[in-house]
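J.: Supplied in structure tokens, the structure appears directly below.
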Amino acid sequence: MPSGLIALLDDVAVIARTAAASIDDVAAAAGRAGSKTAGVIIDDAAVTPRYVTGLDPSRELPIIWKITKGSLKNKLIFLLPAALLLSQFAPWLIYPILMLGGSYLAFEAVEKILEAITGDHHGEKTLMAAETPEELEQRQVSGAVRTDFILSAEIMAITLNELTAQGLVEGIWAQAGALAIVAIVVTVVVYGAVGLIVKLDDIGLHLAQGEGAKASFGRGMIAFVPTLLKALSFIGTAAMLWVGGSIILHGFHELHFLEFIYDWVHDASVAAANGNGVIEWIVSTLGAAVVGFVWGFIIVQVVTRIFGHHPLHGGGEPVKDAH
């Protein structure tokens, strides 16, 4: 996904034409910054399909469109201006905010893992029971947009940090152009993919009504969809652990807090690699995931003791099937 995202960012670089820097500079900065958000993007794509389950299939794409508009509003109206204000007046806050986002990603990943182990899927009970299909749809959209806001905040924070730390662009308008490119392309990629994923079973059903190889392919597609959704969920959880743990490790290093943990992971990856860049990346990624799991597990225990459940999930009954 990262390479595809970078290519798409280059294609839509024209929207940054009004930026103070050149288009090429802004597009390159957006591409490099956007690639850093790959793990969060994967998780975004993995968690969104669950918000259209239990609803009339004819409403799936309209619901995804509503979530897409909510996501763009989150990024462009709320988060982009906030990111620019941070970069201009309080750049020292970027890493603490990244640490909060990384902690949330680690927390969510560990909670999913614990749910899978214990079989207690409390995290699926995100919404109160709805009495009508319309009410259920509204609750699903609201829940998805709320989750998107948290993930989008992390995407924008990662992007802003990449822009400022590497000095990729200078000037507030150039930063705004790069942030806008990342925001729009990430949203299009994620929700375009989600729209395709949730309609795969319908496409397969249509093909299965044909004859011969076409029908066989359609039946295979229908059988493949549940496996795809499970794989996306697994990849999303792994990505959250990796990205969350990596952010936490770099936060330790930059803030000089528990810096020895960063040193351990860094030294272990260098020693294991013995000059091999691929091995170094694998070991550092596994180290970041372990740190993410331990950090997330601690947060889960604290949150459970304070709230008794995930504060964003609520304590209501499972959503009723609106069919």
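We name chains A, B, ... following the order of the structure tokens; residues begin at 1 in each chain, and ligands are numbered from 1 as shown.
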Using only C-alpha atoms, which protein or nucleic acid residues come within 9 Å of Ile247 of chain A? Drop anything in the same chain fewer than 6 positions from it, and give the result as a PyMOL selection string.
T.: chain A and resi 95+98-99+101-103+158+288+292
J.: Got time to write the residues from that selection, all heavy atoms, as a tab-separated table (two decimals), in the first residue's frame?
T.:
chain	number	residue	atom	x	y	z
A	95	TYR	N	5.47	15.73	19.35
A	95	TYR	CA	5.82	14.39	19.83
A	95	TYR	C	4.93	13.90	20.96
A	95	TYR	O	4.52	12.73	20.97
A	95	TYR	CB	7.30	14.33	20.21
A	95	TYR	CG	8.12	13.64	19.15
A	95	TYR	CD1	8.92	14.37	18.30
A	95	TYR	CD2	8.05	12.26	18.98
A	95	TYR	CE1	9.66	13.74	17.29
A	95	TYR	CE2	8.78	11.62	17.99
A	95	TYR	CZ	9.58	12.36	17.15
A	95	TYR	OH	10.30	11.73	16.15
A	98	LEU	N	1.89	12.76	19.26
A	98	LEU	CA	2.17	11.50	18.59
A	98	LEU	C	2.20	10.35	19.59
A	98	LEU	O	1.69	9.25	19.32
A	98	LEU	CB	3.52	11.57	17.87
A	98	LEU	CG	3.52	12.18	16.47
A	98	LEU	CD1	4.94	12.39	15.98
A	98	LEU	CD2	2.74	11.31	15.49
A	99	MET	N	2.78	10.59	20.76
A	99	MET	CA	2.84	9.56	21.80
A	99	MET	C	1.44	9.16	22.25
A	99	MET	O	1.15	7.97	22.46
A	99	MET	CB	3.65	10.06	22.99
A	99	MET	CG	5.14	10.18	22.74
A	99	MET	SD	5.97	8.59	22.82
A	99	MET	CE	5.98	8.29	24.58
A	101	GLY	N	-1.29	9.37	20.42
A	101	GLY	CA	-1.86	8.59	19.33
A	101	GLY	C	-1.27	7.20	19.25
A	101	GLY	O	-1.99	6.21	19.04
A	102	GLY	N	0.04	7.08	19.43
A	102	GLY	CA	0.68	5.77	19.43
A	102	GLY	C	0.18	4.90	20.56
A	102	GLY	O	-0.01	3.69	20.40
A	103	SER	N	-0.05	5.52	21.71
A	103	SER	CA	-0.59	4.79	22.86
A	103	SER	C	-1.99	4.27	22.57
A	103	SER	O	-2.35	3.15	22.93
A	103	SER	CB	-0.61	5.69	24.10
A	103	SER	OG	0.70	6.08	24.46
A	158	ILE	N	1.56	12.28	12.21
A	158	ILE	CA	2.72	11.62	11.62
A	158	ILE	C	3.23	12.42	10.42
A	158	ILE	O	4.43	12.65	10.26
A	158	ILE	CB	2.38	10.18	11.19
A	158	ILE	CG1	2.10	9.31	12.42
A	158	ILE	CG2	3.51	9.57	10.37
A	158	ILE	CD1	1.55	7.94	12.09
A	288	ALA	N	9.55	-3.02	17.94
A	288	ALA	CA	8.54	-1.99	18.10
A	288	ALA	C	7.18	-2.61	18.43
A	288	ALA	O	6.42	-2.10	19.27
A	288	ALA	CB	8.44	-1.14	16.84
A	292	GLY	N	4.98	-2.04	21.64
A	292	GLY	CA	3.59	-1.63	21.50
A	292	GLY	C	2.65	-2.52	22.29
A	292	GLY	O	1.70	-2.04	22.93
J.: So which residues touch Lys75 of chain A within 12 Å, counting only C-alpha atoms, skipping near sequence neighbours fewer than 6 positions away, as number ranges by chain?
T.: A: 68-69, 81-84, 145, 148-157, 159, 176, 179-187
J.: What's around segment 199-207 of chain A at 9 Å? Count only C-alpha atoms, leave out sequence neighbours fewer than 3 positions away in its own chain, and write the answer as a list in words.
T.: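 These residues fall inside the cut-off: Pro57, Glu60, Leu61, Val194, Gly195, Leu196, Gly210, Glu211, Lys214, Ala215, Ser216, Phe217, Gly218, Arg219, Gly220, Met221, Ile222, Ala223, Phe224 and Val225 of chain A.
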J.: Which of these residues is nearest to Trp281 of chain A, using only C-alpha atoms: A:Ser246, A:Gln209, A:Phe307, A:His253?
T.: A:Ser246
J.: With distances taken over only C-alpha atoms, which of A:Leu255, A:Ala272, A:Leu114, A:Val283 is nearest to Val300 of chain A?
T.: A:Leu114
J.: Can you measure atom CA of Pro226 of chain A to atom CA of Ala208 of chain A for me? One decimal in Å is fine.
T.: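 Interatomic distance here is 16.6 Å.
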J.: Between A:Arg59, A:Ile282, A:Leu72, A:Gln88, which residue has the minimum interatomic distance to Val190 of chain A, considering only C-alpha atoms?
T.: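 That would be A:Leu72, the residue with the smallest distance to Val190 of chain A.
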J.: Would you mind telling me which residue in A:Gln175, A:Phe297, A:Ile77, A:Val290 lies nearest to Leu241 of chain A when using only C-alpha atoms?
T.: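 Between A:Gln175, A:Phe297, A:Ile77, A:Val290, the residue approaching Leu241 of chain A most closely is A:Val290.
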J.: Have a look at atom CA of Ser233 of chain A and atom CA of Lys73 of chain A and let me know their distance in Å, one decimal.
T.: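 We find that atom CA of Ser233 of chain A and atom CA of Lys73 of chain A lie 25.4 Å from each other.
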J.: Calculate how many Å separate atom CA of Leu249 of chain A from atom CA of Ile261 of chain A, rounding to one decimal.
T.: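 These two atoms are separated by 7.2 Å.
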